[in-house]
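**Student:** Below is the file upload-v5.tsv, which contains TSV, C-alpha atoms.
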chain	number	residue	atom	x	y	z
A	1	MET	CA	0.00	0.00	0.00
A	2	GLY	CA	1.32	3.41	-0.98
A	3	ASN	CA	2.34	6.14	1.39
A	4	GLU	CA	-0.17	8.91	1.87
A	5	ILE	CA	0.37	12.54	1.03
A	6	LYS	CA	-0.65	14.77	3.93
A	7	LEU	CA	-2.95	17.39	2.48
A	8	LYS	CA	-5.33	19.89	3.99
A	9	ILE	CA	-8.71	18.69	2.74
A	10	ASP	CA	-12.10	20.10	3.66
A	11	LYS	CA	-14.29	17.00	3.96
A	12	PHE	CA	-18.07	16.95	3.78
A	13	GLN	CA	-20.73	14.28	4.24
A	14	SER	CA	-23.41	16.53	2.75
A	15	GLU	CA	-23.39	17.88	-0.81
A	16	GLU	CA	-25.41	20.88	0.33
A	17	ARG	CA	-22.79	21.88	2.92
A	18	LEU	CA	-19.95	21.35	0.48
A	19	VAL	CA	-21.66	23.54	-2.11
A	20	ASP	CA	-22.34	26.28	0.44
A	21	SER	CA	-18.72	26.27	1.60
A	22	ILE	CA	-17.21	26.34	-1.89
A	23	VAL	CA	-19.57	28.99	-3.23
A	24	GLY	CA	-18.88	31.25	-0.25
A	25	SER	CA	-15.14	30.95	-0.85
A	26	LEU	CA	-15.52	31.43	-4.61
A	27	ILE	CA	-17.55	34.61	-4.22
A	28	SER	CA	-14.97	35.99	-1.79
A	29	ASP	CA	-12.09	35.24	-4.19
A	30	LEU	CA	-13.94	36.68	-7.19
A	31	GLU	CA	-14.94	39.83	-5.30
A	32	LYS	CA	-11.27	40.52	-4.55
A	33	SER	CA	-10.48	40.41	-8.25
A	34	ILE	CA	-13.37	42.73	-9.09
A	35	VAL	CA	-12.19	45.24	-6.49
A	36	GLU	CA	-8.67	45.09	-7.96
A	37	THR	CA	-9.42	45.00	-11.70
A	38	GLY	CA	-13.13	45.63	-12.22
A	39	LYS	CA	-13.83	42.09	-13.42
A	40	ALA	CA	-13.12	38.47	-12.53
A	41	LYS	CA	-12.10	35.57	-14.74
A	42	ILE	CA	-12.89	31.97	-13.85
A	43	LEU	CA	-12.20	28.68	-15.64
A	44	LEU	CA	-14.66	25.85	-14.96
A	45	SER	CA	-14.44	22.08	-15.36
A	46	GLY	CA	-17.24	19.90	-16.66
A	47	GLY	CA	-18.70	16.79	-15.05
A	48	SER	CA	-21.61	15.98	-12.78
A	49	THR	CA	-19.94	16.86	-9.45
A	50	PRO	CA	-19.47	20.61	-9.99
A	51	GLY	CA	-22.89	21.19	-11.59
A	52	PRO	CA	-24.65	21.99	-8.28
A	53	ILE	CA	-21.79	24.39	-7.41
A	54	TYR	CA	-22.26	26.33	-10.64
A	55	ARG	CA	-26.02	26.53	-10.18
A	56	ALA	CA	-25.54	27.79	-6.61
A	57	LEU	CA	-22.96	30.33	-7.79
A	58	ASP	CA	-25.46	31.55	-10.37
A	59	LYS	CA	-28.12	31.89	-7.67
A	60	LYS	CA	-25.99	33.59	-5.00
A	61	CYS	CA	-23.54	35.75	-6.96
A	62	SER	CA	-24.58	39.40	-7.21
A	63	PHE	CA	-22.02	40.41	-9.86
A	64	LEU	CA	-22.50	37.83	-12.62
A	65	GLU	CA	-22.25	40.51	-15.33
A	66	LYS	CA	-18.66	41.15	-14.20
A	67	LEU	CA	-17.61	37.50	-14.52
A	68	LYS	CA	-15.81	36.16	-17.55
A	69	ILE	CA	-16.32	32.40	-17.61
A	70	GLY	CA	-14.18	29.99	-19.59
A	71	LEU	CA	-13.50	26.25	-19.62
A	72	VAL	CA	-10.55	24.36	-18.17
A	73	ASP	CA	-11.02	21.70	-20.85
A	74	GLU	CA	-13.46	20.43	-23.43
A	75	ARG	CA	-14.37	17.49	-25.61
A	76	TYR	CA	-13.77	18.31	-29.27
A	77	VAL	CA	-17.46	18.07	-30.16
A	78	ALA	CA	-20.18	20.39	-31.39
A	79	LEU	CA	-22.02	22.54	-28.85
A	80	ASP	CA	-25.23	20.54	-29.27
A	81	SER	CA	-23.47	17.28	-28.32
A	82	GLU	CA	-24.44	15.62	-25.04
A	83	PHE	CA	-20.70	15.44	-24.29
A	84	SER	CA	-20.12	19.21	-24.52
A	85	ASN	CA	-18.80	20.85	-21.34
A	86	GLU	CA	-19.80	24.25	-22.72
A	87	ARG	CA	-23.39	23.07	-23.10
A	88	LEU	CA	-23.40	21.73	-19.52
A	89	ILE	CA	-21.95	24.90	-18.02
A	90	LYS	CA	-24.30	27.20	-19.92
A	91	SER	CA	-27.23	25.16	-18.63
A	92	CYS	CA	-26.16	26.01	-15.05
A	93	PHE	CA	-26.24	29.79	-15.54
A	94	THR	CA	-29.85	30.80	-16.13
A	95	LYS	CA	-30.78	33.44	-13.55
A	96	LEU	CA	-30.14	36.30	-15.96
A	97	PRO	CA	-30.89	36.63	-19.68
A	98	SER	CA	-28.31	34.65	-21.66
A	99	ASP	CA	-26.73	37.79	-23.12
A	100	SER	CA	-25.90	38.99	-19.58
A	101	TYR	CA	-23.27	36.23	-19.23
A	102	THR	CA	-19.83	36.07	-20.78
A	103	ILE	CA	-19.20	32.35	-21.25
A	104	GLN	CA	-16.44	31.41	-23.70
A	105	GLY	CA	-16.28	27.88	-25.01
A	106	MET	CA	-13.33	26.09	-26.60
A	107	VAL	CA	-14.73	24.82	-29.90
A	108	TYR	CA	-14.67	27.36	-32.75
A	109	ASP	CA	-14.07	25.02	-35.69
A	110	VAL	CA	-15.50	21.55	-35.20
A	111	GLN	CA	-14.10	20.34	-38.56
A	112	ASP	CA	-10.42	21.33	-38.27
A	113	GLU	CA	-8.77	20.54	-34.93
A	114	ALA	CA	-5.49	22.35	-35.62
A	115	ARG	CA	-7.28	25.50	-36.78
A	116	ASN	CA	-9.54	25.31	-33.73
A	117	ILE	CA	-6.52	25.42	-31.41
A	118	GLU	CA	-5.13	28.46	-33.19
A	119	LEU	CA	-8.47	30.26	-32.97
A	120	LEU	CA	-8.77	29.27	-29.31
A	121	LYS	CA	-5.35	30.66	-28.44
A	122	SER	CA	-6.56	34.04	-29.63
A	123	GLU	CA	-9.97	33.79	-27.95
A	124	TYR	CA	-8.43	32.71	-24.61
A	125	GLN	CA	-5.61	35.26	-24.55
A	126	ASP	CA	-7.35	37.15	-21.75
A	127	PHE	CA	-7.40	33.98	-19.60
A	128	ILE	CA	-3.79	33.21	-20.58
A	129	ASN	CA	-2.76	36.67	-19.40
A	130	ARG	CA	-4.51	36.29	-16.05
A	131	THR	CA	-7.01	33.89	-14.53
A	132	ASP	CA	-8.43	34.56	-11.09
A	133	VAL	CA	-10.00	31.20	-10.23
A	134	VAL	CA	-9.75	27.67	-11.62
A	135	ILE	CA	-12.06	24.82	-10.60
A	136	LEU	CA	-10.72	21.32	-11.19
A	137	GLY	CA	-12.13	17.85	-10.90
A	138	MET	CA	-10.21	14.58	-10.99
A	139	GLY	CA	-10.80	11.27	-12.76
A	140	THR	CA	-10.31	7.86	-11.19
A	141	ASP	CA	-7.18	7.55	-13.36
A	142	GLY	CA	-5.70	10.67	-11.75
A	143	HIS	CA	-6.27	12.94	-14.74
A	144	ILE	CA	-7.12	16.61	-14.33
A	145	ALA	CA	-8.57	18.90	-17.00
A	146	SER	CA	-7.94	16.88	-20.18
A	147	ILE	CA	-4.40	15.95	-19.16
A	148	PHE	CA	-4.29	12.15	-18.99
A	149	PRO	CA	-1.76	9.53	-17.87
A	150	ASN	CA	-0.31	7.39	-20.67
A	151	ASP	CA	-1.17	9.88	-23.41
A	152	ILE	CA	1.70	11.23	-25.52
A	153	LYS	CA	0.03	14.60	-26.09
A	154	SER	CA	-0.81	14.96	-22.38
A	155	THR	CA	2.79	14.17	-21.44
A	156	ALA	CA	3.91	16.97	-23.75
A	157	VAL	CA	1.48	19.33	-21.99
A	158	LEU	CA	2.86	18.31	-18.58
A	159	ASN	CA	6.40	18.96	-19.79
A	160	SER	CA	5.57	22.30	-21.40
A	161	ASN	CA	6.23	25.63	-19.70
A	162	GLN	CA	3.74	27.42	-21.92
A	163	LYS	CA	0.60	29.11	-20.70
A	164	SER	CA	-1.60	28.07	-23.59
A	165	VAL	CA	-4.19	25.58	-24.85
A	166	PHE	CA	-3.47	22.17	-26.38
A	167	SER	CA	-5.06	19.14	-27.99
A	168	THR	CA	-4.88	15.84	-26.09
A	169	LYS	CA	-6.35	12.37	-26.38
A	170	ALA	CA	-8.55	10.65	-23.78
A	171	PRO	CA	-8.76	6.89	-23.21
A	172	ASN	CA	-12.54	6.99	-23.69
A	173	TYR	CA	-15.05	8.50	-26.13
A	174	PRO	CA	-14.95	11.22	-27.31
A	175	GLU	CA	-11.18	10.81	-27.49
A	176	GLN	CA	-10.24	14.18	-28.98
A	177	ARG	CA	-9.89	16.74	-26.19
A	178	ILE	CA	-8.83	20.33	-25.62
A	179	THR	CA	-7.16	21.52	-22.42
A	180	CYS	CA	-5.58	24.51	-20.76
A	181	SER	CA	-1.92	23.86	-20.02
A	182	LEU	CA	-0.54	22.93	-16.62
A	183	ASP	CA	1.13	26.33	-16.20
A	184	MET	CA	-2.05	28.14	-17.20
A	185	ILE	CA	-4.02	26.19	-14.59
A	186	THR	CA	-1.51	26.52	-11.76
A	187	SER	CA	-0.86	30.21	-12.41
A	188	ALA	CA	-4.40	31.19	-11.42
A	189	ASN	CA	-4.78	33.26	-8.27
A	190	SER	CA	-6.87	30.50	-6.66
A	191	VAL	CA	-7.11	26.83	-7.63
A	192	TYR	CA	-9.92	24.62	-6.34
A	193	LEU	CA	-10.06	20.82	-6.57
A	194	ILE	CA	-13.32	18.98	-5.93
A	195	ILE	CA	-13.37	15.20	-5.59
A	196	ALA	CA	-16.09	12.76	-4.57
A	197	GLY	CA	-15.75	9.23	-3.22
A	198	ASP	CA	-13.09	7.23	-1.37
A	199	GLU	CA	-11.57	5.75	-4.53
A	200	LYS	CA	-10.48	9.18	-5.78
A	201	LEU	CA	-9.32	10.22	-2.30
A	202	LYS	CA	-7.01	7.21	-2.06
A	203	ILE	CA	-5.49	8.03	-5.44
A	204	LEU	CA	-5.04	11.67	-4.46
A	205	GLU	CA	-3.27	10.80	-1.21
A	206	ASN	CA	-1.00	8.07	-2.61
A	207	SER	CA	2.52	9.50	-2.86
A	208	ASP	CA	3.79	6.39	-4.70
A	209	LEU	CA	1.91	7.55	-7.78
A	210	SER	CA	2.95	10.31	-10.15
A	211	LEU	CA	-0.26	11.05	-11.98
A	212	PRO	CA	-1.29	14.43	-13.42
A	213	ILE	CA	-3.12	15.34	-10.20
A	214	HIS	CA	0.07	14.81	-8.15
A	215	ILE	CA	2.06	17.01	-10.52
A	216	VAL	CA	-0.54	19.77	-10.11
A	217	ILE	CA	-0.34	19.56	-6.32
A	218	LYS	CA	3.46	19.70	-6.39
A	219	LYS	CA	3.32	22.86	-8.49
A	220	ARG	CA	0.55	24.41	-6.44
A	221	ASN	CA	0.69	23.35	-2.79
A	222	ASP	CA	-1.94	25.89	-1.70
A	223	ILE	CA	-4.66	24.29	-3.80
A	224	LYS	CA	-8.09	24.39	-2.11
A	225	LEU	CA	-9.21	20.78	-1.74
A	226	TYR	CA	-12.81	19.78	-1.15
A	227	PHE	CA	-13.95	16.19	-0.66
A	228	LEU	CA	-17.48	14.80	-0.71
A	229	ALA	CA	-17.96	11.40	0.90
A	230	LYS	CA	-20.10	8.92	-1.03
Would you mind writing the file's structure down as structure tokens?
**Tutor:**
Amino acid sequence: MGNEIKLKIDKFQSEERLVDSIVGSLISDLEKSIVETGKAKILLSGGSTPGPIYRALDKKCSFLEKLKIGLVDERYVALDSEFSNERLIKSCFTKLPSDSYTIQGMVYDVQDEARNIELLKSEYQDFINRTDVVILGMGTDGHIASIFPNDIKSTAVLNSNQKSVFSTKAPNYPEQRITCSLDMITSANSVYLIIAGDEKLKILENSDLSLPIHIVIKKRNDIKLYFLAK
């Protein structure tokens, strides 16, 4: 059995309490950025776990018009696909008219992957220059964003010092992915990680492993970790 990494983790038995705690912290972090710069920029992850957090943020945040929302990663699919992170995230922000939100996706050319990355680099330059908050999840294989173990393109992303966006390949459908780079993620003012279930917690705390999540934690030891028991 592997050695455990000693991390400060806020643990919750109740999803409602976890959501309340995270949203309170998020609003505080985002407000600081608005005071300093007049706006706040946040990168969100997809998946079922953070959905209730985004809906609560939409409900409780009083300055949604000053938020610029982007994605940490995306499946290279059309917006109307059931696999689209952009589609999921937009469905969580409904309190205001849709044109009141600034939500930037990652798919601009669904036919040409290389051209899409070049367009995305331009569209995400504002996030590349400065991101205030990043919200991460983690897979049971230890991947974060769309940076996967045992993927050549993901390994190149992990070894890159660039703050940019890249194409990677997932082990499951849809395989073609888009991700913010490791440096782009870890350079944010605040980085949150939300995990659910004991299986993921054991992977997170196992220091014998060197998965993408462990590399993130080594680069950013003040990451805000939230765990939901299942």
**Student:** Report, in Å to a single decimal, how far apart CA of Val107 (chain A) and CA of Tyr76 (chain A) are.
**Tutor:**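 It comes out at 6.6 Å.
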**Student:** What's around Lys200 (chain A) at 10 Å? Count all atoms listed in the file, leave out sequence neighbours fewer than 6 positions away in its own chain, and write the answer as a list in words.
**Tutor:** Met138, Gly139, Thr140, Asp141, Gly142 and Phe227 of chain A
**Student:** Interatomic distance between CA of Lys59 (chain A) and CA of Val133 (chain A)?
**Tutor:** 18.3 Å
**Student:** Which residue gives the smallest distance to Gly24 (chain A) among A:Ile53, A:Ala78, A:Leu182, A:Leu88, with all atoms listed in the file counted?
**Tutor:**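 Looking at the shortest contact to Gly24 (chain A), the residue is A:Ile53.
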**Student:** Looking at only C-alpha atoms, which of A:Ile89, A:Leu79, A:Leu193, A:Ile152 is the one that sits closest to Val110 (chain A)?
**Tutor:**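 Selected residue with least distance to Val110 (chain A): A:Leu79.
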**Student:** Of the candidates A:Glu123, A:Ile147, A:Ile135, A:Leu7, which one gets nearest to Ile217 (chain A) if we count only C-alpha atoms?
**Tutor:**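 Smallest distance to Ile217 (chain A) is found for A:Leu7.
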**Student:** Taking into account all atoms listed in the file, which residue in the set A:Arg130, A:Lys41, A:His143, A:Lys95 is nearest to Ile215 (chain A)?
**Tutor:**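 Using all atoms listed in the file, Ile215 (chain A) sits closest to A:His143.
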**Student:** Quick one, how far is CA of Leu225 (chain A) from CA of Gly51 (chain A)?
**Tutor:**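 Rounded to one decimal, the two atoms are 16.9 Å apart.
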**Student:** Could you list, as a list in words, every residue within 8 Å of Ala170 (chain A), counting only C-alpha atoms and ignoring same-chain residues fewer than 3 positions away?
**Tutor:** Ser146, Phe148, Asp151, Tyr173, Pro174, Glu175, Gln176 and Arg177 of chain A
**Student:** Give me the residues near Asp132 (chain A) as JSON, numbers by chain, where near means some atom within 7 Å (using only C-alpha atoms) and where sequence neighbours in that chain fewer than 4 positions away do not count.
**Tutor:** {"A": [33, 40, 41, 42, 188, 189, 190]}
**Student:** Considering only C-alpha atoms, can you say which of A:Pro97, A:Gly197, A:Pro52, A:Gly46 comes closest to Val23 (chain A)?
**Tutor:**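 Distance minimum relative to Val23 (chain A) lands on A:Pro52.
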**Student:** Quick one: residues within 8 Å of Ser164 (chain A), only C-alpha atoms counted, chain neighbours fewer than 4 positions away excluded, as a list in words?
**Tutor:** Lys121, Ile128, Cys180, Ser181 and Met184 of chain A
